[in-house]
file start39.cif (mmCIF, C-alpha atoms and all ligand atoms)
data_coords
#
loop_
_atom_site.label_atom_id
_atom_site.label_comp_id
_atom_site.auth_asym_id
_atom_site.auth_seq_id
_atom_site.Cartn_x
_atom_site.Cartn_y
_atom_site.Cartn_z
CA MET A 21 288.37 103.24 -80.39
CA LYS A 22 285.44 100.79 -80.60
CA LYS A 23 285.88 97.33 -79.18
CA ILE A 24 284.40 94.22 -80.75
CA GLY A 25 283.42 90.96 -79.09
CA MET A 26 282.48 87.76 -80.88
CA PHE A 27 279.98 85.00 -80.13
CA GLY A 28 281.43 81.99 -81.95
CA TYR A 29 284.58 80.95 -83.76
CA GLY A 30 283.36 78.64 -86.53
CA THR A 31 283.79 79.15 -90.27
CA VAL A 32 282.50 82.73 -90.43
CA GLY A 33 284.00 83.59 -87.02
CA ARG A 34 287.45 82.53 -88.15
CA GLY A 35 286.88 84.41 -91.41
CA PHE A 36 285.96 87.61 -89.58
CA PHE A 37 288.85 87.32 -87.11
CA GLY A 38 291.27 86.67 -90.02
CA LEU A 39 289.78 89.57 -91.99
CA MET A 40 290.37 91.93 -89.06
CA GLN A 41 293.96 90.70 -88.76
CA ARG A 42 294.61 91.28 -92.47
CA ASN A 43 292.38 94.25 -93.30
CA GLY A 44 291.52 95.71 -89.89
CA ASP A 45 293.27 98.96 -90.86
CA VAL A 46 290.98 99.33 -93.92
CA VAL A 47 287.87 98.63 -91.84
CA SER A 48 288.96 101.19 -89.19
CA LYS A 49 289.81 103.79 -91.84
CA ASN A 50 286.39 103.42 -93.48
CA ALA A 51 284.63 103.56 -90.11
CA GLY A 52 286.58 106.68 -89.18
CA VAL A 53 287.29 105.10 -85.79
CA GLU A 54 289.74 102.45 -84.71
CA LEU A 55 288.17 99.00 -84.39
CA GLU A 56 289.62 96.08 -82.49
CA VAL A 57 288.49 92.55 -81.65
CA CYS A 58 289.10 92.18 -77.91
CA ARG A 59 287.11 89.11 -76.75
CA VAL A 60 285.91 85.91 -78.43
CA PHE A 61 283.53 83.42 -76.86
CA ALA A 62 284.01 79.80 -77.96
CA ARG A 63 283.35 76.52 -76.21
CA ARG A 64 286.60 74.85 -77.22
CA GLU A 65 290.29 75.68 -77.03
CA PHE A 66 292.22 76.69 -80.13
CA PRO A 67 295.85 75.92 -79.23
CA GLY A 68 298.34 77.87 -81.34
CA ASP A 69 295.57 79.86 -83.09
CA PRO A 70 295.96 83.67 -83.10
CA VAL A 71 292.57 83.87 -81.34
CA GLU A 72 293.98 82.19 -78.20
CA PRO A 73 294.76 85.34 -76.18
CA PHE A 74 291.22 86.66 -76.76
CA LEU A 75 289.27 83.51 -75.90
CA THR A 76 286.76 83.22 -73.12
CA HIS A 77 284.51 80.25 -72.29
CA ARG A 78 282.20 82.42 -70.19
CA VAL A 79 279.68 84.04 -72.56
CA GLU A 80 278.52 86.62 -69.97
CA ASP A 81 282.00 88.17 -70.25
CA LEU A 82 280.84 89.73 -73.52
CA TRP A 83 277.73 91.57 -72.34
CA GLU A 84 279.10 92.29 -68.86
CA ASP A 85 282.19 94.03 -70.27
CA ASP A 86 281.35 97.75 -70.50
CA SER A 87 284.25 98.40 -72.84
CA ILE A 88 282.73 96.23 -75.63
CA ASP A 89 280.64 98.29 -78.09
CA ILE A 90 279.74 95.82 -80.85
CA ILE A 91 279.25 92.05 -80.82
CA VAL A 92 279.55 89.83 -83.87
CA GLU A 93 277.19 86.86 -83.61
CA VAL A 94 278.43 84.06 -85.86
CA LEU A 95 276.86 81.01 -84.23
CA ALA A 96 274.76 78.38 -85.99
CA GLY A 97 271.04 77.93 -85.33
CA VAL A 98 268.50 79.82 -83.26
CA GLU A 99 269.51 78.85 -79.71
CA PRO A 100 271.42 80.01 -77.80
CA ALA A 101 272.27 82.71 -80.36
CA TYR A 102 268.87 84.40 -79.97
CA GLN A 103 269.05 84.60 -76.14
CA TRP A 104 272.64 85.86 -76.19
CA THR A 105 271.86 88.47 -78.85
CA LYS A 106 268.97 89.72 -76.73
CA GLN A 107 271.24 89.96 -73.66
CA ALA A 108 273.83 91.89 -75.66
CA LEU A 109 271.28 94.35 -77.12
CA LEU A 110 269.66 94.87 -73.70
CA ALA A 111 273.14 95.62 -72.35
CA GLY A 112 273.34 98.44 -74.93
CA LYS A 113 275.66 96.77 -77.42
CA SER A 114 275.17 96.72 -81.17
CA VAL A 115 275.02 93.24 -82.66
CA VAL A 116 275.87 92.26 -86.23
CA THR A 117 275.26 88.76 -87.51
CA SER A 118 275.31 86.33 -90.40
CA ASN A 119 272.86 84.03 -88.60
CA LYS A 120 269.76 83.94 -90.83
CA ALA A 121 268.00 81.42 -88.59
CA VAL A 122 267.89 83.95 -85.74
CA VAL A 123 267.00 86.89 -87.99
CA ALA A 124 264.19 85.00 -89.75
CA ALA A 125 262.71 83.70 -86.48
CA HIS A 126 263.24 86.64 -84.10
CA GLY A 127 264.27 89.60 -86.28
CA ALA A 128 261.24 91.74 -85.43
CA GLU A 129 261.80 91.51 -81.67
CA LEU A 130 265.57 92.00 -81.87
CA ILE A 131 265.22 95.02 -84.18
CA SER A 132 262.68 96.54 -81.76
CA ILE A 133 265.05 96.09 -78.83
CA ALA A 134 267.95 97.62 -80.80
CA ARG A 135 265.78 100.63 -81.72
CA GLN A 136 264.66 101.11 -78.10
CA LYS A 137 268.24 100.93 -76.88
CA GLY A 138 269.56 103.23 -79.63
CA VAL A 139 271.99 100.61 -80.92
CA SER A 140 272.17 98.66 -84.19
CA TYR A 141 271.11 95.10 -85.07
CA LEU A 142 272.38 94.49 -88.60
CA PHE A 143 272.51 91.30 -90.66
CA GLU A 144 274.04 91.91 -94.10
CA GLY A 145 275.97 88.62 -93.80
CA SER A 146 272.75 86.63 -93.46
CA VAL A 147 271.74 86.97 -97.14
CA GLY A 148 273.82 86.59 -100.29
CA GLY A 149 277.27 86.15 -98.69
CA ALA A 150 279.54 88.93 -99.94
CA ILE A 151 276.81 90.64 -102.01
CA PRO A 152 275.71 93.82 -100.18
CA VAL A 153 272.10 93.13 -101.13
CA LEU A 154 270.40 94.24 -97.91
CA ARG A 155 272.23 97.55 -98.10
CA THR A 156 271.19 97.73 -101.77
CA VAL A 157 267.47 97.37 -101.07
CA THR A 158 267.54 99.67 -98.03
CA HIS A 159 269.93 102.32 -99.34
CA GLY A 160 270.81 102.00 -103.04
CA LEU A 161 267.19 101.47 -104.14
CA ILE A 162 265.77 103.75 -101.44
CA SER A 163 263.54 105.66 -103.89
CA ASP A 164 262.01 102.56 -105.52
CA HIS A 165 258.84 100.61 -105.03
CA ILE A 166 260.38 97.18 -105.45
CA SER A 167 257.98 94.84 -107.24
CA GLU A 168 260.00 91.63 -107.81
CA ILE A 169 262.98 89.77 -106.45
CA TRP A 170 264.49 86.70 -108.10
CA GLY A 171 267.48 85.10 -106.51
CA ILE A 172 269.89 82.25 -106.24
CA LEU A 173 270.39 82.58 -102.50
CA ASN A 174 272.07 79.33 -101.51
CA GLY A 175 275.67 78.65 -102.51
CA THR A 176 275.70 74.98 -101.51
CA THR A 177 272.79 73.97 -103.74
CA ASN A 178 274.04 76.06 -106.65
CA TYR A 179 277.45 74.42 -106.25
CA ILE A 180 275.83 70.94 -106.16
CA LEU A 181 273.65 71.59 -109.23
CA THR A 182 276.63 73.03 -111.15
CA GLU A 183 278.89 70.07 -110.33
CA MET A 184 276.13 67.56 -111.19
CA LYS A 185 275.70 69.32 -114.56
CA ASP A 186 279.39 69.82 -115.41
CA LYS A 187 280.85 66.57 -114.09
CA GLY A 188 277.88 64.23 -114.05
CA ALA A 189 278.72 63.81 -110.35
CA ALA A 190 276.35 62.18 -107.86
CA PHE A 191 274.43 64.39 -105.41
CA ASP A 192 275.94 62.85 -102.22
CA ASP A 193 279.57 63.18 -103.36
CA VAL A 194 279.15 66.83 -104.30
CA LEU A 195 277.39 67.58 -101.00
CA LYS A 196 280.38 66.13 -99.08
CA GLU A 197 282.73 68.40 -101.04
CA ALA A 198 280.54 71.45 -100.31
CA GLN A 199 280.71 70.62 -96.58
CA ARG A 200 284.50 70.19 -96.77
CA ARG A 201 284.76 73.64 -98.35
CA GLY A 202 282.72 75.18 -95.51
CA TYR A 203 279.75 76.23 -97.70
CA ALA A 204 277.11 73.96 -96.21
CA GLU A 205 275.25 74.52 -92.95
CA ALA A 206 276.08 72.25 -89.97
CA ASP A 207 272.93 70.34 -90.88
CA PRO A 208 272.97 70.21 -94.71
CA THR A 209 269.20 69.56 -94.78
CA ALA A 210 268.75 73.31 -94.38
CA ASP A 211 270.61 73.84 -97.65
CA VAL A 212 269.41 70.96 -99.79
CA GLU A 213 265.75 71.20 -98.75
CA GLY A 214 265.66 74.94 -99.44
CA HIS A 215 265.11 76.11 -95.83
CA ASP A 216 268.24 78.29 -95.86
CA ALA A 217 267.17 80.00 -99.11
CA CYS A 218 263.63 80.40 -97.71
CA ARG A 219 264.88 82.24 -94.61
CA LYS A 220 267.07 84.46 -96.78
CA LEU A 221 264.13 85.22 -99.08
CA ALA A 222 261.97 86.16 -96.07
CA ILE A 223 264.68 88.52 -94.76
CA LEU A 224 265.26 90.10 -98.17
CA SER A 225 261.50 90.45 -98.83
CA SER A 226 260.97 92.10 -95.44
CA LEU A 227 263.54 94.77 -96.22
CA ALA A 228 262.53 95.17 -99.87
CA PHE A 229 258.79 95.41 -99.18
CA GLY A 230 258.99 97.19 -95.79
CA ALA A 231 257.12 94.75 -93.49
CA MET A 232 257.90 91.39 -91.92
CA ALA A 233 257.63 88.24 -94.07
CA ASN A 234 257.09 85.01 -92.13
CA TYR A 235 259.43 82.40 -93.61
CA GLU A 236 257.11 79.60 -92.44
CA GLU A 237 254.44 80.82 -94.89
CA ILE A 238 256.71 80.58 -97.95
CA HIS A 239 256.24 77.35 -99.91
CA THR A 240 259.65 75.69 -100.15
CA GLU A 241 260.98 72.72 -102.11
CA GLY A 242 264.62 71.59 -102.18
CA ILE A 243 266.91 69.86 -104.66
CA SER A 244 267.41 66.46 -103.01
CA ALA A 245 265.04 64.79 -105.51
CA ILE A 246 266.81 66.24 -108.59
CA THR A 247 268.44 63.47 -110.62
CA LYS A 248 271.10 63.23 -113.31
CA GLU A 249 268.26 62.44 -115.75
CA ASP A 250 266.45 65.71 -114.91
CA ILE A 251 269.67 67.56 -115.65
CA ALA A 252 270.02 65.66 -118.95
CA TYR A 253 266.47 66.71 -119.96
CA GLY A 254 267.49 70.28 -119.09
CA LYS A 255 270.43 70.04 -121.48
CA ALA A 256 268.09 68.73 -124.21
CA MET A 257 265.77 71.72 -123.63
CA GLY A 258 268.60 74.30 -123.46
CA CYS A 259 267.99 74.88 -119.73
CA ASP A 260 269.81 74.59 -116.40
CA ILE A 261 268.18 73.73 -113.08
CA LYS A 262 268.52 76.39 -110.37
CA LEU A 263 267.10 76.63 -106.87
CA LEU A 264 265.18 79.88 -107.37
CA ALA A 265 263.85 82.06 -104.57
CA SER A 266 261.31 84.58 -105.78
CA ALA A 267 258.94 87.15 -104.33
CA LYS A 268 256.54 89.39 -106.24
CA ARG A 269 254.51 92.19 -104.72
CA THR A 270 250.82 92.27 -105.65
CA GLU A 271 247.98 94.43 -104.37
CA THR A 272 246.83 91.71 -102.00
CA GLY A 273 250.18 90.41 -100.73
CA ILE A 274 253.39 88.79 -101.93
CA SER A 275 253.64 85.73 -104.09
CA ALA A 276 256.75 83.95 -102.82
CA LEU A 277 258.33 80.59 -103.59
CA VAL A 278 261.57 78.64 -103.18
CA ALA A 279 261.84 75.72 -105.61
CA PRO A 280 264.11 74.14 -108.20
CA SER A 281 263.26 75.41 -111.67
CA PHE A 282 264.49 75.06 -115.21
CA VAL A 283 265.79 78.37 -116.51
CA PRO A 284 266.84 78.89 -120.14
CA LYS A 285 270.61 79.05 -120.64
CA ASN A 286 270.34 82.63 -121.89
CA HIS A 287 268.57 83.76 -118.67
CA PRO A 288 270.93 85.94 -116.55
CA LEU A 289 270.47 83.64 -113.54
CA ALA A 290 271.57 80.58 -115.57
CA ALA A 291 275.06 82.08 -115.80
CA VAL A 292 275.41 81.90 -112.00
CA GLN A 293 277.66 78.90 -111.39
CA GLY A 294 279.18 77.13 -108.40
CA VAL A 295 278.93 78.78 -105.00
CA MET A 296 278.02 82.14 -106.52
CA ASN A 297 274.72 83.85 -105.62
CA ALA A 298 272.80 86.45 -107.59
CA VAL A 299 269.79 88.64 -106.96
CA PHE A 300 267.70 90.23 -109.68
CA ILE A 301 265.48 93.13 -108.53
CA LYS A 302 262.75 95.06 -110.34
CA GLY A 303 261.97 98.56 -109.11
CA ASP A 304 259.72 101.29 -110.51
CA MET A 305 262.54 103.86 -110.66
CA SER A 306 265.76 101.88 -111.08
CA GLY A 307 264.24 99.33 -113.48
CA GLU A 308 265.89 95.91 -113.55
CA THR A 309 269.15 95.52 -111.65
CA MET A 310 271.18 92.44 -110.76
CA TYR A 311 273.79 91.73 -108.10
CA TYR A 312 276.29 88.88 -108.15
CA GLY A 313 278.97 87.46 -105.88
CA PRO A 314 280.14 84.60 -103.66
CA GLY A 315 277.20 83.44 -101.56
CA ALA A 316 279.10 81.44 -98.96
CA GLY A 317 282.58 80.88 -97.59
CA GLU A 318 284.46 82.34 -94.64
CA PHE A 319 285.93 85.53 -96.12
CA PRO A 320 283.03 86.53 -98.42
CA THR A 321 280.57 86.27 -95.51
CA ALA A 322 283.06 87.94 -93.16
CA SER A 323 283.31 90.90 -95.55
CA ALA A 324 279.53 91.44 -95.21
CA VAL A 325 279.83 91.21 -91.42
CA ALA A 326 282.67 93.76 -91.50
CA SER A 327 280.53 96.18 -93.53
CA ASP A 328 277.90 96.02 -90.77
CA ILE A 329 280.61 96.62 -88.15
CA VAL A 330 281.46 99.88 -89.89
CA ALA A 331 277.75 100.80 -90.04
CA ALA A 332 277.24 99.97 -86.34
CA ALA A 333 280.40 101.86 -85.36
CA THR A 334 279.09 104.95 -87.12
CA GLY A 335 275.69 104.71 -85.41
CA VAL A 336 273.52 103.50 -88.29
CA GLU A 337 269.87 103.00 -87.34
CA THR A 338 268.39 99.54 -87.70
CA TYR A 339 266.64 99.50 -91.08
CA PRO A 340 264.34 102.51 -90.43
CA GLY A 341 262.12 101.71 -93.44
CA LEU A 342 261.11 98.33 -92.01
CA ALA A 343 257.84 98.34 -90.05
CA VAL A 344 258.45 95.42 -87.67
CA GLU A 345 254.89 95.52 -86.34
CA ASP A 346 253.43 94.96 -89.85
CA HIS A 347 253.30 91.61 -91.62
CA LEU A 348 253.32 90.86 -95.34
CA VAL A 349 250.49 88.64 -96.52
CA VAL A 350 252.04 85.64 -98.28
CA LEU A 351 249.56 84.54 -100.94
CA PRO A 352 248.70 80.84 -101.33
CA ARG A 353 250.78 79.29 -104.11
CA GLN A 354 247.69 77.74 -105.75
CA LYS A 355 247.05 80.99 -107.63
CA ARG A 356 250.64 81.36 -108.89
CA LYS A 357 250.98 80.62 -112.63
CA THR A 358 253.81 78.41 -113.87
CA LYS A 359 254.88 76.10 -116.68
CA VAL A 360 255.88 72.61 -115.59
CA PHE A 361 258.17 69.93 -116.99
CA TYR A 362 257.10 66.32 -116.31
CA ARG A 363 259.35 63.28 -116.69
CA ILE A 364 257.04 60.31 -117.14
CA LEU A 365 257.65 56.55 -117.13
CA VAL A 366 255.36 55.10 -119.80
CA SER A 367 253.96 51.70 -120.73
CA ASP A 368 253.06 52.93 -124.22
CA VAL A 369 254.58 56.12 -125.68
CA GLU A 370 251.72 56.98 -128.06
CA GLU A 371 249.00 56.32 -125.45
CA ALA A 372 250.93 58.38 -122.92
CA LYS A 373 251.28 61.31 -125.32
CA LYS A 374 247.55 61.12 -126.04
CA THR A 375 246.82 61.28 -122.29
CA CYS A 376 249.17 64.26 -121.90
CA ASN A 377 247.40 66.08 -124.73
CA GLU A 378 244.00 65.38 -123.16
CA VAL A 379 244.96 66.45 -119.64
CA LEU A 380 247.56 69.16 -120.12
CA ASP A 381 247.88 72.18 -122.32
CA VAL A 382 251.03 70.59 -123.87
CA VAL A 383 253.66 72.97 -125.20
CA GLN A 384 256.28 70.42 -126.17
CA PHE A 385 257.36 66.77 -125.85
CA VAL A 386 261.03 66.14 -125.11
CA ALA A 387 262.94 62.93 -125.79
CA LEU A 388 266.38 61.95 -124.54
CA GLU A 389 268.59 60.30 -127.13
CA GLY A 390 269.02 56.58 -126.44
CA VAL A 391 266.47 56.55 -123.59
CA ALA A 392 263.32 54.44 -124.06
CA GLY A 393 260.31 53.84 -121.85
CA GLU A 394 259.88 57.43 -120.76
CA ILE A 395 258.93 60.85 -122.11
CA GLY A 396 259.40 64.45 -121.12
CA VAL A 397 256.55 66.91 -121.51
CA ILE A 398 256.21 70.66 -120.91
CA SER A 399 252.81 72.01 -119.94
CA GLY A 400 251.61 75.53 -120.71
CA ALA A 401 251.45 78.11 -117.90
CA GLN A 402 248.62 77.34 -115.47
CA GLU A 403 247.77 78.10 -111.87
CA GLU A 404 249.63 75.76 -109.51
CA GLY A 405 246.37 74.63 -107.92
CA VAL A 406 245.03 73.56 -111.34
CA LEU A 407 248.32 71.87 -112.21
CA GLY A 408 248.12 69.87 -108.98
CA GLU A 409 244.77 68.43 -110.04
CA LYS A 410 246.03 67.76 -113.56
CA THR A 411 249.12 65.98 -112.25
CA ASN A 412 246.83 63.70 -110.30
CA LEU A 413 244.75 62.94 -113.41
CA LEU A 414 247.89 62.41 -115.47
CA SER A 415 249.32 59.86 -113.05
CA LYS A 416 246.18 57.70 -113.50
CA GLY A 417 245.98 58.16 -117.29
CA LYS A 418 246.33 55.54 -120.04
CA GLY A 419 249.87 54.66 -121.12
CA ILE A 420 251.36 56.24 -118.00
CA ARG A 421 253.14 54.15 -115.35
CA GLN A 422 254.60 56.81 -113.08
CA ILE A 423 255.44 60.51 -112.92
CA LEU A 424 259.14 60.53 -112.09
CA SER A 425 259.74 64.29 -111.85
CA ARG A 426 257.77 67.50 -111.88
CA ILE A 427 259.88 70.64 -112.14
CA ARG A 428 258.76 74.22 -112.73
CA MET A 429 260.02 76.16 -115.75
CA GLU A 430 260.76 79.89 -115.77
CA GLU A 431 261.04 81.94 -118.97
N1 LIG B 1 274.92 77.35 -96.37
C1 LIG B 1 274.82 78.66 -96.92
C2 LIG B 1 274.90 78.57 -98.43
C3 LIG B 1 275.94 79.51 -96.37
O1 LIG B 1 275.32 77.52 -98.93
O2 LIG B 1 274.55 79.51 -99.13
C4 LIG B 1 275.78 80.95 -96.61
O3 LIG B 1 274.61 81.46 -96.03
#
call {"tool": "encode", "arguments": {"input": "start39.cif", "output": "structure tokens", "more": "lines below"}}
Ligand code: HSE
result
Amino acid sequence: MKKIGMFGYGTVGRGFFGLMQRNGDVVSKNAGVELEVCRVFARREFPGDPVEPFLTHRVEDLWEDDSIDIIVEVLAGVEPAYQWTKQALLAGKSVVTSNKAVVAAHGAELISIARQKGVSYLFEGSVGGAIPVLRTVTHGLISDHISEIWGILNGTTNYILTEMKDKGAAFDDVLKEAQRRGYAEADPTADVEGHDACRKLAILSSLAFGAMANYEEIHTEGISAITKEDIAYGKAMGCDIKLLASAKRTETGISALVAPSFVPKNHPLAAVQGVMNAVFIKGDMSGETMYYGPGAGEFPTASAVASDIVAAATGVETYPGLAVEDHLVVLPRQKRKTKVFYRILVSDVEEAKKTCNEVLDVVQFVALEGVAGEIGVISGAQEEGVLGEKTNLLSKGKGIRQILSRIRMEE
């Protein structure tokens, strides 16, 4: 018998507790050892909830209890989750978590402690919800040199972009619905500004490329500035907007980015709708593979946590291929090549087009039916640093009043 304690009883905590009530026998069977939740730390009371008999309001009860083998950390944010995880690992308990903020900020230290103590620190639930993508890069693709990762790693923003596209709904209304459904983080800024996807990309890149990626070095843009008009231009160009997280390995480091991008409707990632996540991986042996599933929600995330419980219960080492003392060089984005779509408010259409042709390597102009006073233009692929300078020139050019949007385009 292995006993499980829990830090937290929020959305994922309730999901995991409910999963163990419903499918605990399956989890125990697959672990080859009986597993049981015996103690749950939460600050509040939950009258009438099945968790009631297991509740404690004294967090030390979890690491001081010698009978507890594994702790599930399902709190939000870095503190106090980081300190409590450290206490638990130092007390010789395995910890499994869905808390990407802690893993991205303190993963290297916590993994080192787990290795020293001979216990596990596992975080499948921190990336891609139900998709076992960390296990895929560390086990399934164990013989590959992974060269590229492309992902939709945030369910909330994918849900928002899908609803805006399908229903013409306003950003704020869809965000409220995502929060009601339990997809969004406590502070939705982390979702809509891309910080959540950035942390997930750093975690995934670390495991895929074998050294630590610092999430603070990854250039990140969110979707809060995306408008209904941008989505309408996308429709006119046969594209959808997705918040893409990408990392490519080069000889000098990784080129990584989180940003909204137009992707053609026939691109495999364009088919990913609603709260679903997907990760596309290129390896030198496996070739191109793609993984798809619910990226948020109590039971999908709880299922990833449960898979780590089984791994911890069977004594799995903490990601042995990851060199926590080594750091990946994140290359400056200025050298990254991209095509860009501009939505431009004009004072004179013909003058503005002339300016675009002079400044940019124009691939195509796009017009929206029934919309006057503005144009859409797609530039050819250029280095981001060069495009920055050209955008500046464009904004001061003849016939141009204002650049309303600037969105990358993937092919
Ligand atoms: N807020 C996250 C998302 C939850 O929307 O993807 C899962 O990590």
call {"tool": "residues_near_ligand", "arguments": {"input": "start39.cif", "ligand": "ligand LIG 1 (chain B)", "cutoff": "10 Å", "atoms": "all atoms listed in the file", "output": "number ranges by chain"}}
result
A: 31-32, 118-121, 145-150, 172-180, 198-199, 202-212, 214-217, 219-220, 295-297, 314-318, 320-321
call {"tool": "closest_residue", "arguments": {"input": "start39.cif", "among": "A:Thr338, A:Gln293, A:Thr270, A:Asn412", "to": "A:Leu227", "atoms": "only C-alpha atoms"}}
result
A:Thr338
call {"tool": "atom_distance", "arguments": {"input": "start39.cif", "atom1": "atom CA of A:Lys410", "atom2": "atom CA of A:Asp368"}}
result
19.6 Å
call {"tool": "residues_around", "arguments": {"input": "start39.cif", "residues": "A:Tyr141", "least_positions_apart": "3", "cutoff": "7 Å", "atoms": "only C-alpha atoms", "output": "list of chain:residue names"}}
result
A:Ser114, A:Val115, A:Val116, A:Ile131, A:Ala134, A:Thr338
call {"tool": "closest_residue", "arguments": {"input": "start39.cif", "among": "A:Leu224, A:Met232, A:Leu181, A:Val123", "to": "A:Thr247", "atoms": "all atoms listed in the file"}}
result
A:Leu181
call {"tool": "closest_residue", "arguments": {"input": "start39.cif", "among": "A:Asp164, A:Glu249, A:Glu430, A:Glu409", "to": "A:Ala189", "atoms": "all atoms listed in the file"}}
result
A:Glu249
call {"tool": "closest_residue", "arguments": {"input": "start39.cif", "among": "A:Thr182, A:Asn377, A:Thr117, A:Thr411", "to": "A:Arg363", "atoms": "only C-alpha atoms"}}
result
A:Thr411
call {"tool": "residues_around", "arguments": {"input": "start39.cif", "residues": "A:Lys285", "least_positions_apart": "4", "cutoff": "7 Å", "atoms": "all atoms listed in the file", "output": "MDAnalysis selection string"}}
result
chainID A and resid 258:260 290
call {"tool": "closest_residue", "arguments": {"input": "start39.cif", "among": "A:Lys137, A:Lys22, A:Lys374, A:Lys248", "to": "A:Ile261", "atoms": "only C-alpha atoms"}}
result
A:Lys248
call {"tool": "residues_around", "arguments": {"input": "start39.cif", "residues": "A:Asp304", "least_positions_apart": "6", "cutoff": "9 Å", "atoms": "all atoms listed in the file", "output": "list in words"}}
result
Ser163, Asp164, His165, Ile166 and Ser167 of chain A
call {"tool": "atom_distance", "arguments": {"input": "start39.cif", "atom1": "atom CA of A:Asn43", "atom2": "atom CA of A:Leu130"}}
result
29.2 Å
call {"tool": "atom_distance", "arguments": {"input": "start39.cif", "atom1": "atom CA of A:Ile274", "atom2": "atom CA of A:Gly307"}}
result
19.0 Å
call {"tool": "residues_around", "arguments": {"input": "start39.cif", "residues": "A:Asn234", "least_positions_apart": "3", "cutoff": "9 Å", "atoms": "only C-alpha atoms", "output": "list of chain:residue names"}}
result
A:Ala124, A:Ala125, A:Arg219, A:Ala222, A:Ile223, A:Ser226, A:Glu237, A:Ile238, A:His347, A:Leu348, A:Val349, A:Val350
call {"tool": "closest_residue", "arguments": {"input": "start39.cif", "among": "A:Val369, A:Ile329, A:Val153, A:Ile251", "to": "A:Tyr312", "atoms": "all atoms listed in the file"}}
result
A:Val153
call {"tool": "residues_around", "arguments": {"input": "start39.cif", "residues": "A:Arg135", "least_positions_apart": "6", "cutoff": "10 Å", "atoms": "only C-alpha atoms", "output": "number ranges by chain"}}
result
A: 109, 129, 141, 337-340
call {"tool": "closest_atom_pairs", "arguments": {"input": "start39.cif", "of": "stretch 70-105 of chain A", "to": "stretch 52-64 of chain A", "cutoff": "8 Å", "atoms": "all atoms listed in the file", "output": "tab-separated table"}}
result
residue	atom	partner	partner_atom	distance
A:Val71	CA	A:Val60	CA	7.5
A:Phe74	CA	A:Arg59	CA	4.8
A:Leu75	CA	A:Val60	CA	4.8
A:Thr76	CA	A:Phe61	CA	4.9
A:His77	CA	A:Arg63	CA	5.5
A:Arg78	CA	A:Phe61	CA	6.9
A:Val79	CA	A:Phe61	CA	5.8
A:Leu82	CA	A:Arg59	CA	7.1
A:Ile88	CA	A:Cys58	CA	7.9
call {"tool": "decode", "arguments": {"input": "start39.cif", "residues": "stretch 383-394 of chain A", "atoms": "C-alpha atoms", "output": "CSV table (one decimal), in the first residue's frame"}}
result
chain,number,residue,atom,x,y,z
A,383,VAL,CA,3.5,38.9,-51.0
A,384,GLN,CA,-0.1,39.9,-51.1
A,385,PHE,CA,-2.7,42.6,-50.4
A,386,VAL,CA,-5.9,41.5,-48.6
A,387,ALA,CA,-9.2,43.4,-48.6
A,388,LEU,CA,-12.3,42.7,-46.5
A,389,GLU,CA,-15.6,42.9,-48.3
A,390,GLY,CA,-17.5,46.1,-47.4
A,391,VAL,CA,-14.6,47.5,-45.3
A,392,ALA,CA,-13.1,50.8,-46.5
A,393,GLY,CA,-10.3,53.0,-45.1
A,394,GLU,CA,-8.0,50.1,-44.4
